file entry.txt (compact mmCIF, C-alpha atoms)
# COMPACT_ATOMS: atom_id res chain seq x y z
CA MET P 1 71.60 -91.05 101.65
CA MET P 2 71.35 -92.79 98.31
CA TYR P 3 72.54 -91.98 94.81
CA GLU P 4 71.31 -93.40 91.52
CA LYS P 5 72.98 -93.36 88.16
CA ILE P 6 71.91 -94.89 84.87
CA MET P 7 74.73 -96.20 82.67
CA ASN P 8 73.66 -96.39 79.06
CA SER P 9 76.66 -98.28 77.80
CA LEU P 10 79.62 -100.38 78.84
CA GLU P 11 81.85 -97.37 78.21
CA GLU P 12 79.84 -95.23 80.62
CA THR P 13 80.18 -97.90 83.29
CA GLU P 14 83.91 -98.11 82.75
CA GLN P 15 84.26 -94.32 82.81
CA PHE P 16 82.34 -94.23 86.09
CA ALA P 17 84.61 -96.88 87.61
CA LEU P 18 87.69 -94.89 86.55
CA SER P 19 86.32 -91.69 88.14
CA LEU P 20 85.65 -93.59 91.35
CA ALA P 21 89.11 -95.15 91.30
CA ASN P 22 90.71 -91.70 91.15
CA LEU P 23 89.02 -90.72 94.42
CA LEU P 24 89.92 -93.86 96.38
CA GLU P 25 92.33 -93.95 99.32
CA SER P 26 93.92 -96.65 101.45
CA GLN P 27 91.43 -98.61 103.61
CA ASP P 28 88.45 -97.72 101.43
CA THR P 29 85.95 -100.58 101.23
CA ILE P 30 83.34 -100.99 98.50
CA THR P 31 80.75 -103.74 98.47
CA LEU P 32 79.18 -104.90 95.22
CA GLU P 33 75.83 -106.62 94.91
CA GLY P 34 74.12 -107.62 91.69
CA ASP P 35 72.77 -110.68 89.90
CA LEU P 36 74.90 -112.85 87.68
CA GLY P 37 75.66 -110.89 84.53
CA ALA P 38 74.84 -107.55 86.12
CA GLY P 39 78.39 -106.46 85.51
CA LYS P 40 80.15 -106.74 88.88
CA THR P 41 83.28 -108.13 87.28
CA THR P 42 83.27 -105.61 84.43
CA PHE P 43 83.00 -102.82 86.97
CA THR P 44 85.75 -104.27 89.17
CA LYS P 45 88.13 -104.69 86.23
CA ALA P 46 87.66 -101.05 85.25
CA LEU P 47 88.10 -99.93 88.86
CA ALA P 48 91.33 -101.93 89.15
CA LYS P 49 92.60 -100.40 85.93
CA GLY P 50 91.84 -96.97 87.36
CA LEU P 51 93.91 -97.88 90.42
CA GLY P 52 96.85 -98.65 88.14
CA VAL P 53 96.62 -102.43 88.36
CA LYS P 54 98.40 -103.90 85.33
CA ARG P 55 97.65 -107.60 85.85
CA THR P 56 94.51 -109.25 84.55
CA VAL P 57 91.76 -109.09 87.14
CA ASN P 58 89.55 -112.16 87.22
CA SER P 59 87.11 -113.77 89.60
CA PRO P 60 88.40 -114.72 93.04
CA THR P 61 85.43 -117.06 93.66
CA PHE P 62 87.71 -120.04 94.22
CA THR P 63 90.46 -118.29 96.16
CA ILE P 64 88.07 -115.90 98.00
CA VAL P 65 90.61 -113.09 97.79
CA LYS P 66 93.10 -111.90 95.19
CA GLN P 67 95.53 -109.10 95.86
CA TYR P 68 96.97 -106.77 93.24
CA GLU P 69 99.53 -103.97 93.14
CA GLY P 70 98.63 -100.59 91.66
CA ARG P 71 98.72 -96.93 92.72
CA LEU P 72 97.33 -98.51 95.87
CA PRO P 73 97.25 -102.21 96.66
CA PHE P 74 93.91 -103.67 95.65
CA ASN P 75 92.01 -106.54 97.34
CA HIS P 76 89.33 -108.24 95.29
CA LEU P 77 87.14 -110.47 97.44
CA ASP P 78 84.36 -112.81 96.46
CA VAL P 79 82.99 -114.34 99.64
CA TYR P 80 80.27 -116.42 97.98
CA ARG P 81 81.85 -119.65 99.22
CA LEU P 82 81.67 -118.45 102.83
CA ALA P 83 77.87 -118.66 102.92
CA GLU P 84 77.88 -121.40 105.55
CA SER P 85 81.00 -120.26 107.31
CA ASP P 86 81.95 -118.01 110.18
CA GLU P 87 85.68 -118.54 109.84
CA ASP P 88 87.88 -115.64 110.94
CA LEU P 89 90.07 -115.19 107.87
CA GLY P 90 91.95 -112.17 109.13
CA TRP P 91 89.55 -109.59 107.78
CA ASP P 92 91.04 -106.72 109.74
CA GLU P 93 94.40 -107.24 108.07
CA LEU P 94 92.65 -106.91 104.70
CA PHE P 95 90.34 -104.00 105.44
CA TYR P 96 92.67 -101.94 107.63
CA GLY P 97 95.86 -102.36 105.64
CA GLU P 98 97.09 -100.14 102.84
CA ALA P 99 94.73 -101.50 100.24
CA VAL P 100 91.42 -100.59 98.68
CA SER P 101 88.98 -103.51 98.94
CA VAL P 102 86.09 -104.53 96.73
CA VAL P 103 83.85 -107.24 98.20
CA GLU P 104 81.34 -109.24 96.18
CA TRP P 105 78.54 -111.07 98.05
CA ALA P 106 79.48 -108.87 100.99
CA HIS P 107 76.27 -109.50 102.96
CA LEU P 108 77.62 -112.98 103.75
CA ILE P 109 80.33 -111.45 105.94
CA GLU P 110 78.30 -108.49 107.22
CA ALA P 111 79.67 -108.78 110.77
CA ASP P 112 83.27 -108.63 109.58
CA LEU P 113 82.96 -105.61 107.30
CA PRO P 114 84.02 -102.13 108.36
CA LYS P 115 80.94 -100.14 109.45
CA ASP P 116 81.96 -97.24 107.22
CA ARG P 117 81.87 -98.26 103.57
CA LEU P 118 80.36 -97.63 100.16
CA THR P 119 77.78 -100.11 98.91
CA ILE P 120 77.05 -100.36 95.20
CA GLU P 121 74.11 -102.30 93.79
CA ILE P 122 74.00 -102.96 90.06
CA TYR P 123 70.68 -103.66 88.31
CA ARG P 124 70.40 -104.85 84.74
CA MET P 125 67.78 -102.80 82.85
CA GLU P 126 68.41 -103.66 79.21
CA ASP P 127 71.22 -105.28 77.25
CA THR P 128 73.80 -102.62 77.99
CA VAL P 129 71.82 -100.36 80.32
CA ARG P 130 72.51 -100.59 84.04
CA ARG P 131 71.15 -98.81 87.07
CA PHE P 132 73.74 -98.17 89.79
CA VAL P 133 72.57 -97.52 93.36
CA LEU P 134 75.23 -96.11 95.68
CA LYS P 135 74.84 -95.88 99.45
CA PRO P 136 77.59 -94.26 101.51
CA TYR P 137 77.97 -95.23 105.17
CA GLY P 138 80.06 -92.78 107.19
CA LYS P 139 81.43 -89.28 106.50
CA ARG P 140 84.32 -90.43 104.34
CA TYR P 141 81.98 -92.11 101.87
CA GLU P 142 79.37 -89.35 101.93
CA GLY P 143 82.09 -86.94 100.83
CA LEU P 144 83.30 -89.43 98.24
CA CYS P 145 79.82 -89.76 96.72
CA GLU P 146 79.28 -86.00 96.61
CA GLU P 147 82.60 -85.58 94.79
CA LEU P 148 81.82 -88.48 92.43
CA MET P 149 78.33 -87.26 91.51
CA LYS P 150 79.41 -83.66 90.79
CA MET E 1 116.35 -108.46 134.30
CA ILE E 2 114.88 -106.96 131.12
CA TRP E 3 111.47 -108.06 129.86
CA LEU E 4 109.93 -107.36 126.47
CA GLY E 5 106.11 -107.67 126.40
CA ILE E 6 104.01 -108.05 123.25
CA GLU E 7 100.20 -107.78 123.02
CA THR E 8 98.49 -107.93 119.60
CA ALA E 9 95.67 -110.41 120.26
CA ASN E 10 92.98 -108.07 118.94
CA ALA E 11 92.85 -104.74 117.09
CA PRO E 12 94.75 -102.76 119.79
CA LEU E 13 98.52 -103.08 120.06
CA SER E 14 100.81 -102.77 123.04
CA VAL E 15 104.52 -103.40 123.59
CA ALA E 16 106.54 -102.62 126.69
CA VAL E 17 109.97 -102.88 128.22
CA VAL E 18 110.23 -103.59 131.94
CA ARG E 19 113.63 -103.45 133.65
CA ASP E 20 114.07 -104.82 137.20
CA GLY E 21 110.40 -104.39 138.03
CA THR E 22 110.10 -100.89 136.54
CA VAL E 23 108.22 -99.98 133.37
CA VAL E 24 110.75 -98.15 131.19
CA ALA E 25 108.69 -97.61 128.04
CA GLU E 26 105.33 -98.71 126.74
CA ILE E 27 103.28 -98.22 123.60
CA VAL E 28 99.50 -98.63 123.78
CA GLN E 29 97.49 -97.84 120.70
CA ASN E 30 94.17 -98.55 119.07
CA ILE E 31 94.38 -97.28 115.51
CA LYS E 32 93.54 -98.76 112.15
CA LEU E 33 97.00 -100.11 111.50
CA THR E 34 97.43 -103.80 110.79
CA HIS E 35 99.75 -105.71 113.12
CA SER E 36 101.63 -107.17 110.16
CA VAL E 37 102.80 -103.62 109.46
CA GLY E 38 102.73 -102.05 112.92
CA ALA E 39 103.88 -104.64 115.44
CA MET E 40 107.55 -105.06 114.54
CA SER E 41 108.12 -101.33 114.12
CA ALA E 42 106.45 -100.73 117.51
CA ILE E 43 108.89 -103.21 119.08
CA GLU E 44 111.85 -101.42 117.48
CA LYS E 45 110.50 -98.09 118.69
CA VAL E 46 109.92 -99.19 122.27
CA LEU E 47 113.37 -100.79 122.46
CA ALA E 48 114.98 -97.62 121.06
CA THR E 49 113.03 -95.41 123.49
CA ALA E 50 114.07 -97.63 126.39
CA GLY E 51 117.68 -97.63 125.16
CA VAL E 52 117.67 -101.42 125.09
CA GLN E 53 119.21 -103.56 122.36
CA ALA E 54 117.59 -106.82 121.33
CA LYS E 55 120.51 -108.82 122.75
CA ASP E 56 119.96 -107.22 126.18
CA ILE E 57 116.46 -108.73 126.52
CA ASP E 58 116.33 -111.51 129.16
CA VAL E 59 112.75 -112.76 128.78
CA ILE E 60 109.88 -112.26 126.35
CA ALA E 61 106.25 -112.23 127.45
CA VAL E 62 103.42 -112.51 124.98
CA SER E 63 99.66 -112.40 125.11
CA GLU E 64 98.85 -115.92 123.83
CA GLY E 65 95.14 -115.48 123.01
CA PRO E 66 92.24 -115.77 122.72
CA GLY E 67 91.44 -113.05 120.22
CA SER E 68 91.42 -112.55 116.48
CA TYR E 69 93.23 -115.45 114.77
CA THR E 70 95.45 -113.10 112.82
CA GLY E 71 96.26 -110.88 115.79
CA VAL E 72 97.14 -113.82 118.04
CA ARG E 73 99.20 -115.48 115.30
CA ILE E 74 101.22 -112.34 114.61
CA GLY E 75 102.00 -111.69 118.29
CA VAL E 76 102.93 -115.28 119.05
CA THR E 77 104.99 -115.67 115.87
CA LEU E 78 106.95 -112.48 116.59
CA ALA E 79 107.52 -113.54 120.19
CA LYS E 80 108.59 -117.08 119.28
CA THR E 81 110.93 -115.87 116.54
CA LEU E 82 112.57 -113.32 118.83
CA ALA E 83 112.79 -115.74 121.74
CA TRP E 84 114.38 -118.48 119.67
CA THR E 85 116.76 -116.14 117.82
CA LEU E 86 117.91 -114.51 121.05
CA GLN E 87 117.87 -117.87 122.89
CA LYS E 88 115.79 -116.41 125.72
CA PRO E 89 112.74 -117.92 127.45
CA LEU E 90 109.21 -117.13 126.30
CA VAL E 91 106.27 -116.82 128.71
CA GLY E 92 102.64 -116.80 127.56
CA VAL E 93 99.80 -115.04 129.34
CA SER E 94 96.06 -115.20 128.63
CA SER E 95 95.02 -112.11 126.70
CA LEU E 96 91.77 -112.01 128.69
CA GLN E 97 93.59 -112.18 132.01
CA ALA E 98 95.96 -109.43 130.83
CA LEU E 99 92.95 -107.24 130.02
CA ALA E 100 91.32 -108.04 133.38
CA ALA E 101 94.61 -107.07 135.04
CA ASN E 102 93.92 -103.43 134.09
CA SER E 103 91.17 -103.48 136.71
CA SER E 104 92.71 -105.98 139.09
CA LEU E 105 92.36 -103.65 142.09
CA TYR E 106 88.59 -104.05 141.82
CA ASN E 107 87.67 -106.24 144.76
CA GLY E 108 84.94 -108.25 143.02
CA LEU E 109 84.23 -110.10 139.80
CA ILE E 110 85.99 -108.85 136.66
CA CYS E 111 84.75 -109.85 133.21
CA PRO E 112 87.08 -109.01 130.29
CA ILE E 113 85.45 -109.21 126.84
CA PHE E 114 86.64 -109.36 123.23
CA ASP E 115 84.10 -109.17 120.42
CA ALA E 116 84.24 -112.44 118.43
CA ARG E 117 81.60 -111.18 115.94
CA ARG E 118 78.12 -112.48 115.16
CA GLY E 119 76.93 -112.13 118.76
CA ASN E 120 79.87 -114.09 120.15
CA VAL E 121 82.54 -113.11 122.62
CA TYR E 122 85.79 -114.32 124.06
CA ALA E 123 85.30 -113.80 127.77
CA ALA E 124 86.30 -115.00 131.21
CA VAL E 125 85.56 -114.08 134.82
CA TYR E 126 88.29 -113.38 137.33
CA GLN E 127 88.10 -112.54 141.01
CA GLY E 128 90.02 -109.37 141.88
CA VAL E 129 92.53 -108.62 143.51
CA MET E 130 94.44 -111.87 142.87
CA LEU E 131 92.85 -112.49 139.45
CA THR E 132 91.74 -115.98 140.42
CA GLU E 133 89.94 -117.73 137.58
CA ILE E 134 86.18 -118.09 138.17
CA ILE E 135 85.11 -118.82 134.56
CA LYS E 136 87.83 -120.04 132.20
CA ASP E 137 88.67 -118.21 128.94
CA LYS E 138 86.03 -119.28 126.45
CA HIS E 139 84.48 -118.52 123.06
CA MET E 140 80.71 -118.31 123.54
CA ALA E 141 77.51 -116.50 122.62
CA ILE E 142 77.00 -113.32 124.65
CA GLU E 143 73.73 -114.87 125.92
CA GLU E 144 75.60 -117.85 127.30
CA LEU E 145 77.96 -115.55 129.19
CA LEU E 146 75.11 -113.45 130.55
CA THR E 147 73.18 -116.54 131.71
CA LYS E 148 76.25 -117.62 133.68
CA LEU E 149 76.61 -114.14 135.15
CA GLN E 150 72.93 -113.86 136.11
CA ALA E 151 73.51 -116.75 138.50
CA MET E 152 76.13 -114.72 140.37
CA GLU E 153 74.83 -112.52 143.15
CA VAL E 154 77.46 -109.79 143.11
CA PRO E 155 78.30 -106.81 140.88
CA ILE E 156 80.47 -107.55 137.84
CA LEU E 157 82.97 -105.17 136.30
CA PHE E 158 83.20 -105.35 132.50
CA VAL E 159 86.54 -104.45 130.93
CA GLY E 160 87.59 -103.85 127.33
CA ALA E 161 87.05 -101.59 124.33
CA ASP E 162 84.52 -104.10 122.94
CA VAL E 163 82.21 -103.79 125.97
CA ASP E 164 80.67 -100.93 123.99
CA VAL E 165 79.29 -103.38 121.42
CA PHE E 166 77.40 -105.39 124.04
CA TRP E 167 76.69 -102.85 126.78
CA ASP E 168 72.94 -102.50 126.12
CA THR E 169 72.52 -106.28 126.07
CA ILE E 170 74.56 -106.61 129.26
CA VAL E 171 72.53 -103.98 131.12
CA ALA E 172 69.26 -105.52 129.91
CA ALA E 173 70.31 -108.88 131.37
CA LEU E 174 72.11 -107.81 134.55
CA GLY E 175 70.68 -104.40 135.43
CA GLU E 176 72.58 -102.56 138.16
CA LYS E 177 74.85 -105.54 138.76
CA ALA E 178 76.66 -104.57 135.58
CA GLN E 179 79.50 -102.10 136.07
CA ARG E 180 81.89 -100.69 133.59
CA ALA E 181 85.61 -100.08 133.90
CA PRO E 182 86.77 -96.51 133.14
CA LEU E 183 88.06 -95.65 129.70
CA SER E 184 91.69 -95.75 130.83
CA HIS E 185 91.25 -99.51 131.44
CA GLN E 186 89.88 -100.29 127.96
CA LEU E 187 93.05 -101.30 126.15
CA PRO E 188 95.29 -104.25 127.01
CA ARG E 189 98.77 -103.26 128.17
CA ALA E 190 101.98 -105.15 127.53
CA SER E 191 103.19 -104.06 130.99
CA GLU E 192 100.30 -106.09 132.47
CA VAL E 193 101.28 -109.04 130.28
CA ILE E 194 104.77 -108.78 131.77
CA ARG E 195 103.44 -108.37 135.33
CA LEU E 196 101.44 -111.62 134.99
CA ALA E 197 104.34 -113.38 133.27
CA ILE E 198 106.72 -112.49 136.12
CA GLN E 199 104.52 -114.54 138.47
CA GLN E 200 105.09 -117.67 136.38
CA GLU E 201 108.03 -120.02 136.47
CA LEU E 202 110.43 -119.41 133.57
CA PRO E 203 110.19 -122.17 130.96
CA SER E 204 113.26 -123.68 129.31
CA ILE E 205 114.49 -122.22 126.02
CA GLU E 206 113.64 -125.52 124.26
CA ALA E 207 110.01 -125.10 125.39
CA THR E 208 109.68 -122.23 122.88
CA HIS E 209 109.35 -124.85 120.13
CA HIS E 210 106.18 -126.20 121.72
CA PHE E 211 104.63 -122.81 122.42
CA VAL E 212 101.25 -122.51 120.67
CA PRO E 213 98.54 -119.85 120.63
CA GLN E 214 95.48 -120.43 122.84
CA TYR E 215 92.72 -119.75 120.34
CA GLN E 216 89.99 -121.20 122.62
CA ARG E 217 88.12 -122.02 119.46
CA ILE E 218 88.68 -124.68 116.85
CA ALA E 219 89.03 -123.89 113.15
CA GLU E 220 86.00 -124.53 111.00
CA ALA E 221 87.60 -127.43 109.12
CA GLU E 222 88.31 -129.08 112.47
CA ALA E 223 84.75 -128.48 113.70
CA ASN E 224 83.31 -130.00 110.52
CA TRP E 225 85.62 -132.99 110.79
CA LEU E 226 84.55 -133.61 114.38
CA LYS E 227 80.91 -133.38 113.33
CA GLU E 228 81.47 -135.95 110.59
CA GLN E 229 83.20 -138.34 113.00
CA LYS E 230 80.15 -138.22 115.26
CA HIS E 231 77.82 -139.16 112.43
CA GLU E 232 79.80 -142.26 111.56

call {"tool": "encode", "arguments": {"input": "entry.txt", "output": "structure tokens"}}
result
Amino acid sequence: MMYEKIMNSLEETEQFALSLANLLESQDTITLEGDLGAGKTTFTKALAKGLGVKRTVNSPTFTIVKQYEGRLPFNHLDVYRLAESDEDLGWDELFYGEAVSVVEWAHLIEADLPKDRLTIEIYRMEDTVRRFVLKPYGKRYEGLCEELMK
Amino acid sequence: MIWLGIETANAPLSVAVVRDGTVVAEIVQNIKLTHSVGAMSAIEKVLATAGVQAKDIDVIAVSEGPGSYTGVRIGVTLAKTLAWTLQKPLVGVSSLQALAANSSLYNGLICPIFDARRGNVYAAVYQGVMLTEIIKDKHMAIEELLTKLQAMEVPILFVGADVDVFWDTIVAALGEKAQRAPLSHQLPRASEVIRLAIQQELPSIEATHHFVPQYQRIAEAEANWLKEQKHE
């Protein structure tokens, strides 16, 4: 199963992130892939806002994970720096806690990710136009995508 | 004599109270609940169910690893904190041996397995019924384990919820020699941790300070440091 959506503006992307945020529950995991400048951070900021996070969300590249409080706790992970690593950083405590998790560069920790998850790929088409490709893995995320794409 | 047993070395959780050689209450679960949230409340619940107050506990037994770093750390930290606060001795038991103990009546070779991700396992081989160590607890590639087991001429019983992950690979390497423990033996039990702990000599209360998890694997920073030392 695969869903595609073209976002014609920044506002559309933000609106989409808000709609997704409203459907999220504890232990949901979303992976984000996309080139530099594709808009992963923009999307994540809007998603966090939708989850009721008040603090400024910025890149966790250095710290690997940042945790925020909102309607649900929110984990923002950027595992880029783990490319050469197979360290056990307590993933289960992150993914199976109360929080919603967004993981950038997720393929680098493939083995540690929950099998059921939503993957989002962002492609830059033009200046403000983006193509979003969503792939749900597992029943929970199939239902989520159907609801989201209504 | 009242024992409290704690087992959180991997995703499953178990806590138990044993009084004078009898299991009074035990929790065994395998749900998506993190130990940082679930372990302490499970201990409170099992103590309440058993009608035991914390001050009544005489000894604490804990599964000391190997397993997930976070799981092992949480179990050992809880056990150490309780043991020191209550001023009662703390006994550690191998988490792999505790898992093997589920099937200890099997009169043959028992191989408990935890998935260590990326094709690796924490595993060991014990001889039933006495659970004598044949291959020590170790972090290794599944292939390395299977090569060792191919050299053995007898059937081997695999125990653990994670056997599922590797079963096809195991059967491909070992054929009919590979046997699988029934589903009721999949999860580690704190009562088995206590049973194995009872066989050990009780350490002093001061020894609690020196109690450390048995990760059976060095942290990445340590591994890199060792590598650098070799180059110099």

call {"tool": "closest_residue", "arguments": {"input": "entry.txt", "among": "P:Gly39, P:Pro136, P:Gly70, P:Pro114", "to": "Thr56 in chain P", "atoms": "all atoms listed in the file"}}
result
P:Gly70

call {"tool": "residues_around", "arguments": {"input": "entry.txt", "residues": "range 57-59 of chain E", "least_positions_apart": "3", "cutoff": "6 Å", "atoms": "only C-alpha atoms", "output": "VMD selection string"}}
result
chain E and resid 1 to 3 54 88 to 89

call {"tool": "closest_residue", "arguments": {"input": "entry.txt", "among": "P:Ala38, P:Phe62, P:Asp116, P:Leu24", "to": "Arg131 in chain P", "atoms": "only C-alpha atoms"}}
result
P:Ala38

call {"tool": "residues_around", "arguments": {"input": "entry.txt", "residues": "range 206-208 of chain E", "least_positions_apart": "2", "cutoff": "8 Å", "atoms": "only C-alpha atoms", "output": "count of residues only"}}
result
9

call {"tool": "residues_around", "arguments": {"input": "entry.txt", "residues": "Ala123 in chain E", "least_positions_apart": "2", "cutoff": "10 Å", "atoms": "all atoms listed in the file", "output": "list in words"}}
result
Pro66, Gly67, Ser95, Leu96, Gln97, Cys111, Pro112, Ile113, Phe114, Asp115, Ala116, Asn120, Val121, Val125, Ile135, Lys136, Asp137, Lys138, His139, Met140, Ala141, Ile142, Leu145, Phe158 and Val159 of chain E

call {"tool": "write_last_selection", "arguments": {"input": "entry.txt", "atoms": "C-alpha atoms", "output": "compact mmCIF listing (two decimals), in the frame of the given file"}}
result
# COMPACT_ATOMS: atom_id res chain seq x y z
CA PRO E 66 92.24 -115.77 122.72
CA GLY E 67 91.44 -113.05 120.22
CA SER E 95 95.02 -112.11 126.70
CA LEU E 96 91.77 -112.01 128.69
CA GLN E 97 93.59 -112.18 132.01
CA CYS E 111 84.75 -109.85 133.21
CA PRO E 112 87.08 -109.01 130.29
CA ILE E 113 85.45 -109.21 126.84
CA PHE E 114 86.64 -109.36 123.23
CA ASP E 115 84.10 -109.17 120.42
CA ALA E 116 84.24 -112.44 118.43
CA ASN E 120 79.87 -114.09 120.15
CA VAL E 121 82.54 -113.11 122.62
CA VAL E 125 85.56 -114.08 134.82
CA ILE E 135 85.11 -118.82 134.56
CA LYS E 136 87.83 -120.04 132.20
CA ASP E 137 88.67 -118.21 128.94
CA LYS E 138 86.03 -119.28 126.45
CA HIS E 139 84.48 -118.52 123.06
CA MET E 140 80.71 -118.31 123.54
CA ALA E 141 77.51 -116.50 122.62
CA ILE E 142 77.00 -113.32 124.65
CA LEU E 145 77.96 -115.55 129.19
CA PHE E 158 83.20 -105.35 132.50
CA VAL E 159 86.54 -104.45 130.93

call {"tool": "interface_residues", "arguments": {"input": "entry.txt", "of": "chain E", "to": "chain P", "cutoff": "9 Å", "atoms": "all atoms listed in the file", "output": "PyMOL selection string"}}
result
chain E and resi 11+32-37+68-71+116-118+219-220

call {"tool": "atom_distance", "arguments": {"input": "entry.txt", "atom1": "CA of Asp164 in chain E", "atom2": "CA of Glu144 in chain E"}}
result
18.0 Å

call {"tool": "closest_residue", "arguments": {"input": "entry.txt", "among": "E:Ile6, E:Ala25, E:Ala124, E:Ala151", "to": "Val93 in chain E", "atoms": "only C-alpha atoms"}}
result
E:Ile6

call {"tool": "axis_aligned_box", "arguments": {"input": "entry.txt", "around": "range 67-75 of chain P", "padding_each_side": "8 Å", "output": "JSON"}}
result
{"center_x": 95.8, "center_y": -103.0, "center_z": 94.5, "size_x": 23.5, "size_y": 28.2, "size_z": 21.7}

call {"tool": "residues_near_point", "arguments": {"input": "entry.txt", "point": "(102.3, -119.5, 124.6)", "cutoff": "8 Å", "atoms": "only C-alpha atoms", "output": "PyMOL selection string"}}
result
chain E and resi 62-64+76+90-93+211-214

call {"tool": "residues_around", "arguments": {"input": "entry.txt", "residues": "Met2 in chain P", "least_positions_apart": "5", "cutoff": "9 Å", "atoms": "only C-alpha atoms", "output": "number ranges by chain"}}
result
P: 133-136

call {"tool": "decode", "arguments": {"input": "entry.txt", "residues": "range 125-140 of chain E", "atoms": "N, CA and C atoms", "output": "PDB file, in the first residue's frame"}}
result
ATOM      1  N   VAL E 125      24.728 -22.309  26.066  1.00  0.00           N
ATOM      2  CA  VAL E 125      24.228 -23.686  26.022  1.00  0.00           C
ATOM      3  C   VAL E 125      24.414 -24.298  27.401  1.00  0.00           C
ATOM      4  N   TYR E 126      23.331 -24.863  27.902  1.00  0.00           N
ATOM      5  CA  TYR E 126      23.354 -25.531  29.206  1.00  0.00           C
ATOM      6  C   TYR E 126      22.949 -26.985  29.029  1.00  0.00           C
ATOM      7  N   GLN E 127      23.500 -27.825  29.899  1.00  0.00           N
ATOM      8  CA  GLN E 127      23.093 -29.224  29.922  1.00  0.00           C
ATOM      9  C   GLN E 127      21.987 -29.380  30.961  1.00  0.00           C
ATOM     10  N   GLY E 128      20.796 -29.851  30.522  1.00  0.00           N
ATOM     11  CA  GLY E 128      19.764 -30.176  31.502  1.00  0.00           C
ATOM     12  C   GLY E 128      20.197 -31.438  32.220  1.00  0.00           C
ATOM     13  N   VAL E 129      19.745 -31.777  33.315  1.00  0.00           N
ATOM     14  CA  VAL E 129      18.769 -31.241  34.216  1.00  0.00           C
ATOM     15  C   VAL E 129      19.420 -30.280  35.226  1.00  0.00           C
ATOM     16  N   MET E 130      20.753 -30.346  35.336  1.00  0.00           N
ATOM     17  CA  MET E 130      21.448 -29.546  36.345  1.00  0.00           C
ATOM     18  C   MET E 130      21.797 -28.133  35.854  1.00  0.00           C
ATOM     19  N   LEU E 131      21.545 -27.864  34.590  1.00  0.00           N
ATOM     20  CA  LEU E 131      21.888 -26.572  33.982  1.00  0.00           C
ATOM     21  C   LEU E 131      23.392 -26.266  34.075  1.00  0.00           C
ATOM     22  N   THR E 132      24.178 -27.287  33.790  1.00  0.00           N
ATOM     23  CA  THR E 132      25.624 -27.112  33.740  1.00  0.00           C
ATOM     24  C   THR E 132      25.970 -26.311  32.484  1.00  0.00           C
ATOM     25  N   GLU E 133      26.922 -25.392  32.628  1.00  0.00           N
ATOM     26  CA  GLU E 133      27.279 -24.527  31.509  1.00  0.00           C
ATOM     27  C   GLU E 133      28.126 -25.290  30.484  1.00  0.00           C
ATOM     28  N   ILE E 134      27.686 -25.321  29.234  1.00  0.00           N
ATOM     29  CA  ILE E 134      28.465 -25.957  28.160  1.00  0.00           C
ATOM     30  C   ILE E 134      29.112 -24.864  27.302  1.00  0.00           C
ATOM     31  N   ILE E 135      28.328 -23.867  26.903  1.00  0.00           N
ATOM     32  CA  ILE E 135      28.879 -22.663  26.255  1.00  0.00           C
ATOM     33  C   ILE E 135      28.453 -21.469  27.104  1.00  0.00           C
ATOM     34  N   LYS E 136      29.435 -20.674  27.498  1.00  0.00           N
ATOM     35  CA  LYS E 136      29.184 -19.508  28.361  1.00  0.00           C
ATOM     36  C   LYS E 136      28.296 -18.476  27.676  1.00  0.00           C
ATOM     37  N   ASP E 137      27.582 -17.672  28.467  1.00  0.00           N
ATOM     38  CA  ASP E 137      26.791 -16.546  27.963  1.00  0.00           C
ATOM     39  C   ASP E 137      27.667 -15.684  27.062  1.00  0.00           C
ATOM     40  N   LYS E 138      27.162 -15.385  25.856  1.00  0.00           N
ATOM     41  CA  LYS E 138      28.003 -14.645  24.932  1.00  0.00           C
ATOM     42  C   LYS E 138      27.151 -13.857  23.941  1.00  0.00           C
ATOM     43  N   HIS E 139      27.684 -12.716  23.489  1.00  0.00           N
ATOM     44  CA  HIS E 139      27.094 -11.948  22.396  1.00  0.00           C
ATOM     45  C   HIS E 139      27.795 -12.395  21.127  1.00  0.00           C
ATOM     46  N   MET E 140      27.056 -12.892  20.154  1.00  0.00           N
ATOM     47  CA  MET E 140      27.712 -13.387  18.933  1.00  0.00           C
ATOM     48  C   MET E 140      26.739 -13.360  17.753  1.00  0.00           C
TER      49      MET E 140
END
